[in-house]
>>> print(open('data-v6.txt').read())   # compact mmCIF, C-alpha atoms and all ligand atoms
# COMPACT_ATOMS: atom_id res chain seq x y z
CA MET A 11 -64.48 188.80 194.83
CA THR A 12 -62.16 186.31 193.17
CA ASP A 13 -60.02 184.14 195.42
CA PRO A 14 -56.36 185.05 194.81
CA TRP A 15 -55.10 181.61 195.83
CA GLN A 16 -57.67 179.36 194.15
CA GLU A 17 -55.48 178.87 191.07
CA CYS A 18 -52.61 177.78 193.32
CA MET A 19 -54.90 175.33 195.08
CA ASP A 20 -56.13 173.86 191.79
CA LEU A 21 -52.53 173.35 190.68
CA CYS A 22 -51.71 171.83 194.07
CA VAL A 23 -54.46 169.21 193.73
CA GLU A 24 -53.44 168.39 190.17
CA VAL A 25 -49.74 168.00 191.08
CA ALA A 26 -50.60 165.91 194.17
CA HIS A 27 -52.63 163.51 191.99
CA ARG A 28 -49.63 163.13 189.68
CA ALA A 29 -47.28 162.63 192.66
CA GLY A 30 -49.61 159.98 194.10
CA LYS A 31 -49.56 158.08 190.82
CA VAL A 32 -45.74 158.01 190.91
CA ILE A 33 -45.87 156.67 194.48
CA ARG A 34 -48.43 153.96 193.61
CA GLU A 35 -46.32 152.86 190.64
CA ALA A 36 -43.18 152.76 192.82
CA LEU A 37 -45.01 150.43 195.23
CA GLN A 38 -45.14 147.86 192.40
CA GLU A 39 -41.31 147.90 192.04
CA ASP A 40 -38.41 146.95 194.32
CA ILE A 41 -37.88 149.69 196.90
CA ALA A 42 -34.25 150.54 197.79
CA VAL A 43 -34.15 151.98 201.31
CA MET A 44 -31.60 154.52 202.52
CA GLU A 45 -31.10 155.87 206.06
CA LYS A 46 -31.06 159.57 206.95
CA SER A 47 -30.36 160.65 210.55
CA SER A 48 -30.73 157.16 212.09
CA PRO A 49 -31.52 153.52 211.17
CA VAL A 50 -35.23 154.28 211.69
CA ASP A 51 -35.25 157.52 209.66
CA LEU A 52 -35.77 156.20 206.13
CA VAL A 53 -35.74 157.73 202.68
CA THR A 54 -36.06 156.33 199.16
CA LYS A 55 -35.45 157.56 195.63
CA THR A 56 -39.23 158.00 195.36
CA ASP A 57 -39.28 160.59 198.19
CA GLN A 58 -36.64 162.60 196.33
CA ALA A 59 -38.13 162.20 192.85
CA VAL A 60 -41.64 163.12 194.00
CA GLU A 61 -40.39 166.24 195.78
CA GLN A 62 -38.57 167.30 192.61
CA LEU A 63 -41.71 166.69 190.56
CA ILE A 64 -43.86 168.79 192.91
CA ILE A 65 -41.43 171.69 193.30
CA SER A 66 -40.51 171.93 189.60
CA SER A 67 -44.18 171.83 188.54
CA ILE A 68 -45.12 174.63 190.94
CA LYS A 69 -41.98 176.73 190.34
CA ALA A 70 -42.64 176.69 186.61
CA LYS A 71 -45.87 178.60 187.26
CA TYR A 72 -44.94 180.56 190.40
CA PRO A 73 -41.19 181.30 190.23
CA SER A 74 -41.30 183.94 193.00
CA HIS A 75 -42.86 181.62 195.60
CA SER A 76 -40.85 179.99 198.40
CA PHE A 77 -40.59 176.27 199.17
CA ILE A 78 -39.87 174.21 202.27
CA GLY A 79 -39.65 170.55 201.28
CA GLU A 80 -38.57 167.69 203.51
CA GLU A 81 -35.98 166.29 201.13
CA SER A 82 -34.67 169.74 200.10
CA VAL A 83 -34.12 170.58 203.77
CA ALA A 84 -32.40 167.19 204.24
CA ALA A 85 -30.10 168.21 201.36
CA GLY A 86 -29.21 171.50 203.10
CA GLU A 87 -31.88 174.00 201.97
CA PRO A 88 -33.05 176.40 204.71
CA SER A 89 -36.23 175.74 206.62
CA ILE A 90 -37.49 179.22 207.39
CA LEU A 91 -41.01 180.52 207.05
CA THR A 92 -41.34 184.09 205.72
CA ASP A 93 -44.33 186.22 204.71
CA ASN A 94 -43.77 185.25 201.05
CA PRO A 95 -46.23 182.73 199.60
CA THR A 96 -44.68 179.43 200.71
CA TRP A 97 -45.36 175.82 199.78
CA ILE A 98 -44.58 173.40 202.63
CA ILE A 99 -44.18 169.96 201.11
CA ASP A 100 -43.87 166.40 202.32
CA PRO A 101 -43.64 164.34 199.12
CA VAL A 102 -44.12 161.02 200.94
CA ASP A 103 -45.53 161.25 204.45
CA GLY A 104 -45.25 157.78 205.87
CA THR A 105 -42.01 156.64 204.27
CA THR A 106 -41.77 153.69 206.67
CA ASN A 107 -45.28 152.66 205.60
CA PHE A 108 -44.24 153.07 201.95
CA VAL A 109 -41.20 150.84 202.47
CA HIS A 110 -43.37 148.15 204.11
CA ARG A 111 -46.32 148.70 201.77
CA PHE A 112 -48.49 149.53 204.80
CA PRO A 113 -51.29 151.40 203.09
CA PHE A 114 -51.22 154.89 204.70
CA VAL A 115 -48.90 156.91 202.50
CA SER A 116 -49.66 160.51 201.63
CA VAL A 117 -48.55 163.58 199.76
CA SER A 118 -48.93 166.59 202.07
CA ILE A 119 -48.81 170.20 200.92
CA GLY A 120 -49.66 173.32 202.90
CA PHE A 121 -49.58 176.82 201.42
CA THR A 122 -48.91 179.84 203.64
CA VAL A 123 -49.06 183.59 203.06
CA ASN A 124 -47.89 185.95 205.82
CA LYS A 125 -47.15 182.74 207.77
CA GLU A 126 -50.86 181.79 207.82
CA VAL A 127 -51.98 178.54 206.21
CA GLU A 128 -54.25 179.53 203.28
CA PHE A 129 -54.98 176.04 202.01
CA GLY A 130 -53.83 172.49 202.51
CA ILE A 131 -54.16 169.17 200.76
CA VAL A 132 -53.35 165.64 201.86
CA TYR A 133 -53.53 162.93 199.23
CA SER A 134 -53.67 159.47 200.82
CA CYS A 135 -52.63 157.94 197.56
CA VAL A 136 -53.05 154.19 198.20
CA GLU A 137 -56.60 154.78 199.45
CA ASP A 138 -57.07 157.37 196.66
CA LYS A 139 -58.47 159.90 199.13
CA MET A 140 -57.82 163.55 198.29
CA TYR A 141 -58.39 165.76 201.34
CA THR A 142 -58.59 169.48 200.54
CA ALA A 143 -59.26 172.61 202.57
CA ARG A 144 -59.26 176.31 201.70
CA ARG A 145 -59.29 178.77 204.61
CA GLY A 146 -62.90 179.69 205.46
CA LYS A 147 -64.40 177.33 202.89
CA GLY A 148 -64.60 173.96 204.63
CA ALA A 149 -62.82 170.65 204.27
CA PHE A 150 -63.49 167.91 201.76
CA CYS A 151 -62.51 164.34 200.95
CA ASN A 152 -62.79 163.56 197.24
CA GLY A 153 -65.08 166.58 196.95
CA GLN A 154 -67.46 165.54 199.76
CA PRO A 155 -67.65 167.78 202.87
CA ILE A 156 -66.11 166.27 206.02
CA LYS A 157 -66.32 167.22 209.67
CA VAL A 158 -64.88 166.11 212.99
CA SER A 159 -66.83 163.79 215.30
CA GLY A 160 -67.62 166.58 217.76
CA GLN A 161 -66.86 164.15 220.62
CA GLU A 162 -66.29 166.04 223.90
CA ASP A 163 -65.82 163.10 226.27
CA ILE A 164 -62.26 161.82 226.18
CA THR A 165 -63.27 158.52 227.78
CA LYS A 166 -65.25 157.79 224.61
CA SER A 167 -62.47 158.83 222.25
CA LEU A 168 -60.03 157.11 219.91
CA VAL A 169 -56.64 158.84 220.09
CA LEU A 170 -53.83 158.76 217.54
CA THR A 171 -50.14 159.24 218.20
CA GLU A 172 -46.88 157.87 216.80
CA MET A 173 -44.13 156.01 218.63
CA GLY A 174 -40.86 156.31 216.77
CA PHE A 175 -37.78 155.21 218.70
CA LYS A 176 -36.02 158.12 220.43
CA LYS A 177 -32.29 157.70 220.97
CA ASP A 178 -32.36 159.84 224.10
CA PRO A 179 -33.61 157.48 226.88
CA VAL A 180 -35.31 160.31 228.82
CA HIS A 181 -37.32 161.32 225.74
CA PHE A 182 -38.17 157.71 224.98
CA ASP A 183 -39.36 157.04 228.54
CA THR A 184 -41.46 160.23 228.48
CA LEU A 185 -43.04 159.24 225.15
CA MET A 186 -43.98 155.83 226.57
CA ALA A 187 -45.20 157.33 229.87
CA ASN A 188 -47.43 159.73 227.90
CA ILE A 189 -49.05 156.80 226.09
CA ARG A 190 -49.63 155.12 229.45
CA SER A 191 -51.22 158.31 230.88
CA ILE A 192 -53.59 158.70 227.95
CA LEU A 193 -54.58 155.01 227.98
CA SER A 194 -55.19 155.20 231.72
CA ILE A 195 -57.72 158.08 231.51
CA PRO A 196 -59.11 155.70 230.02
CA VAL A 197 -59.77 156.22 226.30
CA HIS A 198 -61.30 153.70 223.90
CA GLY A 199 -57.88 153.15 222.34
CA ILE A 200 -54.69 154.51 220.82
CA ARG A 201 -53.72 153.93 217.17
CA SER A 202 -50.59 154.75 215.14
CA PRO A 203 -51.38 154.81 211.40
CA GLY A 204 -47.84 156.04 210.53
CA SER A 205 -48.50 159.20 208.52
CA ALA A 206 -48.96 162.40 210.52
CA ALA A 207 -50.89 164.01 207.65
CA VAL A 208 -53.29 161.06 207.41
CA ASN A 209 -53.71 161.12 211.20
CA MET A 210 -54.90 164.71 211.01
CA CYS A 211 -57.33 163.82 208.22
CA LEU A 212 -58.68 160.86 210.23
CA VAL A 213 -59.56 163.35 212.98
CA ALA A 214 -60.98 165.72 210.35
CA CYS A 215 -63.42 163.13 209.05
CA GLY A 216 -64.45 161.79 212.47
CA SER A 217 -62.69 158.40 212.29
CA ALA A 218 -60.58 159.38 215.31
CA ASP A 219 -61.12 162.05 217.97
CA ALA A 220 -57.59 163.34 218.60
CA TYR A 221 -53.98 163.18 217.50
CA TYR A 222 -50.98 164.44 219.43
CA HIS A 223 -47.28 164.36 218.62
CA ILE A 224 -43.98 165.87 219.76
CA GLY A 225 -41.12 165.87 217.24
CA ILE A 226 -42.74 166.03 213.81
CA HIS A 227 -42.00 168.71 211.22
CA CYS A 228 -43.77 171.56 209.45
CA TRP A 229 -44.10 169.46 206.27
CA ASP A 230 -45.90 166.73 208.26
CA MET A 231 -48.37 169.28 209.73
CA ALA A 232 -49.08 172.13 207.27
CA GLY A 233 -51.45 170.36 204.86
CA GLY A 234 -53.36 168.51 207.57
CA ALA A 235 -53.62 171.65 209.75
CA ALA A 236 -55.80 173.28 207.11
CA VAL A 237 -57.92 170.15 206.68
CA VAL A 238 -58.62 169.57 210.37
CA THR A 239 -59.29 173.26 211.12
CA GLU A 240 -61.72 173.59 208.23
CA ALA A 241 -63.45 170.37 209.32
CA GLY A 242 -64.32 172.09 212.59
CA GLY A 243 -61.48 170.60 214.63
CA VAL A 244 -59.31 172.23 217.25
CA ILE A 245 -55.55 172.58 216.73
CA MET A 246 -53.21 173.72 219.47
CA ASP A 247 -49.69 173.46 220.76
CA ILE A 248 -48.92 170.39 222.86
CA SER A 249 -48.91 172.65 225.97
CA GLY A 250 -52.31 174.12 225.13
CA GLY A 251 -51.14 177.43 223.60
CA PRO A 252 -51.59 178.56 220.00
CA PHE A 253 -50.44 176.19 217.26
CA ASP A 254 -47.15 177.13 215.58
CA VAL A 255 -46.38 175.26 212.35
CA MET A 256 -42.60 175.51 212.95
CA SER A 257 -42.76 174.24 216.56
CA ARG A 258 -42.59 170.50 215.76
CA ARG A 259 -45.48 169.68 218.12
CA LEU A 260 -49.25 169.71 218.13
CA ILE A 261 -52.59 168.42 219.36
CA VAL A 262 -55.59 168.21 217.06
CA ALA A 263 -58.98 167.12 218.35
CA SER A 264 -62.69 166.99 217.72
CA SER A 265 -63.28 169.43 220.59
CA LYS A 266 -61.46 171.90 222.84
CA ALA A 267 -62.31 169.75 225.88
CA ILE A 268 -60.42 166.73 224.47
CA ALA A 269 -57.46 168.80 223.23
CA GLU A 270 -57.09 170.50 226.62
CA ARG A 271 -57.27 167.19 228.48
CA ILE A 272 -54.48 165.75 226.32
CA ALA A 273 -52.37 168.88 226.91
CA LYS A 274 -52.85 168.30 230.65
CA GLU A 275 -51.85 164.61 230.53
CA VAL A 276 -48.79 164.89 228.28
CA THR A 277 -45.33 165.64 229.65
CA VAL A 278 -43.41 167.68 227.08
CA PHE A 279 -39.81 166.91 226.11
CA PRO A 280 -37.68 169.34 224.07
CA CYS A 281 -37.65 168.71 220.32
CA GLY A 282 -36.21 171.94 218.85
CA ARG A 283 -37.85 174.01 216.09
CA ASP A 284 -37.84 173.59 212.32
CA ASP A 285 -36.46 177.13 211.95
CA ALA A 286 -33.87 176.79 214.73
CA ASP A 287 -30.71 176.64 212.59
CA SER A 288 -31.91 178.78 209.70
C1 LIG B 301 -43.20 160.61 209.48
C2 LIG B 301 -44.64 160.24 209.66
C3 LIG B 301 -44.83 159.52 210.97
C4 LIG B 301 -44.25 160.26 212.15
C5 LIG B 301 -42.81 160.68 211.90
C6 LIG B 301 -42.70 161.46 210.61
P1 LIG B 301 -42.10 160.83 207.06
O1 LIG B 301 -43.03 161.35 208.30
O2 LIG B 301 -45.47 161.38 209.61
O3 LIG B 301 -46.19 159.33 211.24
O4 LIG B 301 -44.26 159.43 213.26
O5 LIG B 301 -42.37 161.48 212.98
O6 LIG B 301 -41.33 161.78 210.40
O7 LIG B 301 -40.70 160.82 207.59
O8 LIG B 301 -42.57 159.48 206.71
O9 LIG B 301 -42.32 161.87 206.07
CA CA B 302 -41.59 162.42 204.12
>>> encode(input="data-v6.txt", output="structure tokens")
Amino acid sequence: MTDPWQECMDLCVEVAHRAGKVIREALQEDIAVMEKSSPVDLVTKTDQAVEQLIISSIKAKYPSHSFIGEESVAAGEPSILTDNPTWIIDPVDGTTNFVHRFPFVSVSIGFTVNKEVEFGIVYSCVEDKMYTARRGKGAFCNGQPIKVSGQEDITKSLVLTEMGFKKDPVHFDTLMANIRSILSIPVHGIRSPGSAAVNMCLVACGSADAYYHIGIHCWDMAGGAAVVTEAGGVIMDISGGPFDVMSRRLIVASSKAIAERIAKEVTVFPCGRDDADS
């Protein structure tokens, strides 16, 4: 039987390669930085131009599909997931890295139908690593199959998380206390590469054993969710329940044992939902 979404996935990979080229070229120029919701929430003309490039290229072929893109939502578009085929797009995941030329910058695209992720791609464009995953067909990096480490012992694990400044002091203290709890298990270490989508792919290819985060968005998670799941990883809500792409929180891990242990250690703070005001 032919795969109804394979053509969409092929287009996705082709557009992501083009988007990555635009990002790499922009890294050679001066980068003008603008602020969004706070002085540490950054955006550049490249984020906006790349999102336009991706959405216009896909819309030209699939005009009836829906889109949730980080910069479109920032400009007032709704962020609501329906059963319609939907492209969830982060044109530049790791904008702070991009601004500093720290080399983990990715294009992340997840594609959902009936609210289920059908395929996802993450293009870590400075490293030139194209991660792809189609539901039920495995995960790949530049065409080579990848899989999680399979590590079950958290004391032998490398854990990823991110530590953006939270204006609310209670949230900030909880975020820091969570890092302390995980380090005290102990684990081999904690790292913060700065792109949620890349973090998920690092777990998918066995370079790290877990990633957890409270407060990211559907466009940071959708592409990587497909990659890590198809690589044999576990994905769950931060409290241990089922993963919800609009929930703004997740744990991914090489094994259920590690994911569940992180869920037990982490104190959750409220972060709202991506579809809350839609
Ligand atoms: C950010 C990155 C970062 C995470 C932030 C995200 P952006 O995405 O994924 O790792 O800590 O919460 O907002 O803003 O660079 O697309
Ligand atoms: Ca972004």
>>> closest_residue(input="data-v6.txt", among="A:Thr106, A:Gly225, A:Ala236, A:Ile268", to="Gly250 (chain A)", atoms="only C-alpha atoms")
A:Ile268
>>> residues_near_point(input="data-v6.txt", point="(-57.2, 163.5, 199.1)", cutoff="6 Å", atoms="all atoms listed in the file", output="ChimeraX atom specification")
/A:132-134,139-141,151-152
>>> axis_aligned_box(input="data-v6.txt", around="region 181-187 of chain A", padding_each_side="5 Å", output="JSON")
{"center_x": -41.3, "center_y": 158.6, "center_z": 227.4, "size_x": 17.9, "size_y": 15.5, "size_z": 14.9}
>>> closest_residue(input="data-v6.txt", among="A:Arg283, A:Lys46, A:Lys266, A:Arg28", to="Ala85 (chain A)", atoms="all atoms listed in the file")
A:Lys46
>>> residues_around(input="data-v6.txt", residues="Tyr72 (chain A)", least_positions_apart="5", cutoff="10 Å", atoms="all atoms listed in the file", output="VMD selection string")
chain A and resid 18 65 to 67 95
>>> residues_around(input="data-v6.txt", residues="region 29-39 of chain A", least_positions_apart="4", cutoff="12 Å", atoms="only C-alpha atoms", output="PyMOL selection string")
chain A and resi 22-25+54-67+99-105+107-119+132-140
>>> atom_distance(input="data-v6.txt", atom1="CA of Val244 (chain A)", atom2="CA of Ser265 (chain A)")
5.9 Å
>>> closest_residue(input="data-v6.txt", among="A:Val262, A:Ile248, A:Ala84, A:Leu21", to="ligand CA 302 (chain B)", atoms="all atoms listed in the file")
A:Ala84
>>> residues_around(input="data-v6.txt", residues="Gly251 (chain A)", least_positions_apart="6", cutoff="10 Å", atoms="only C-alpha atoms", output="ChimeraX atom specification")
/A:245,260,270,273
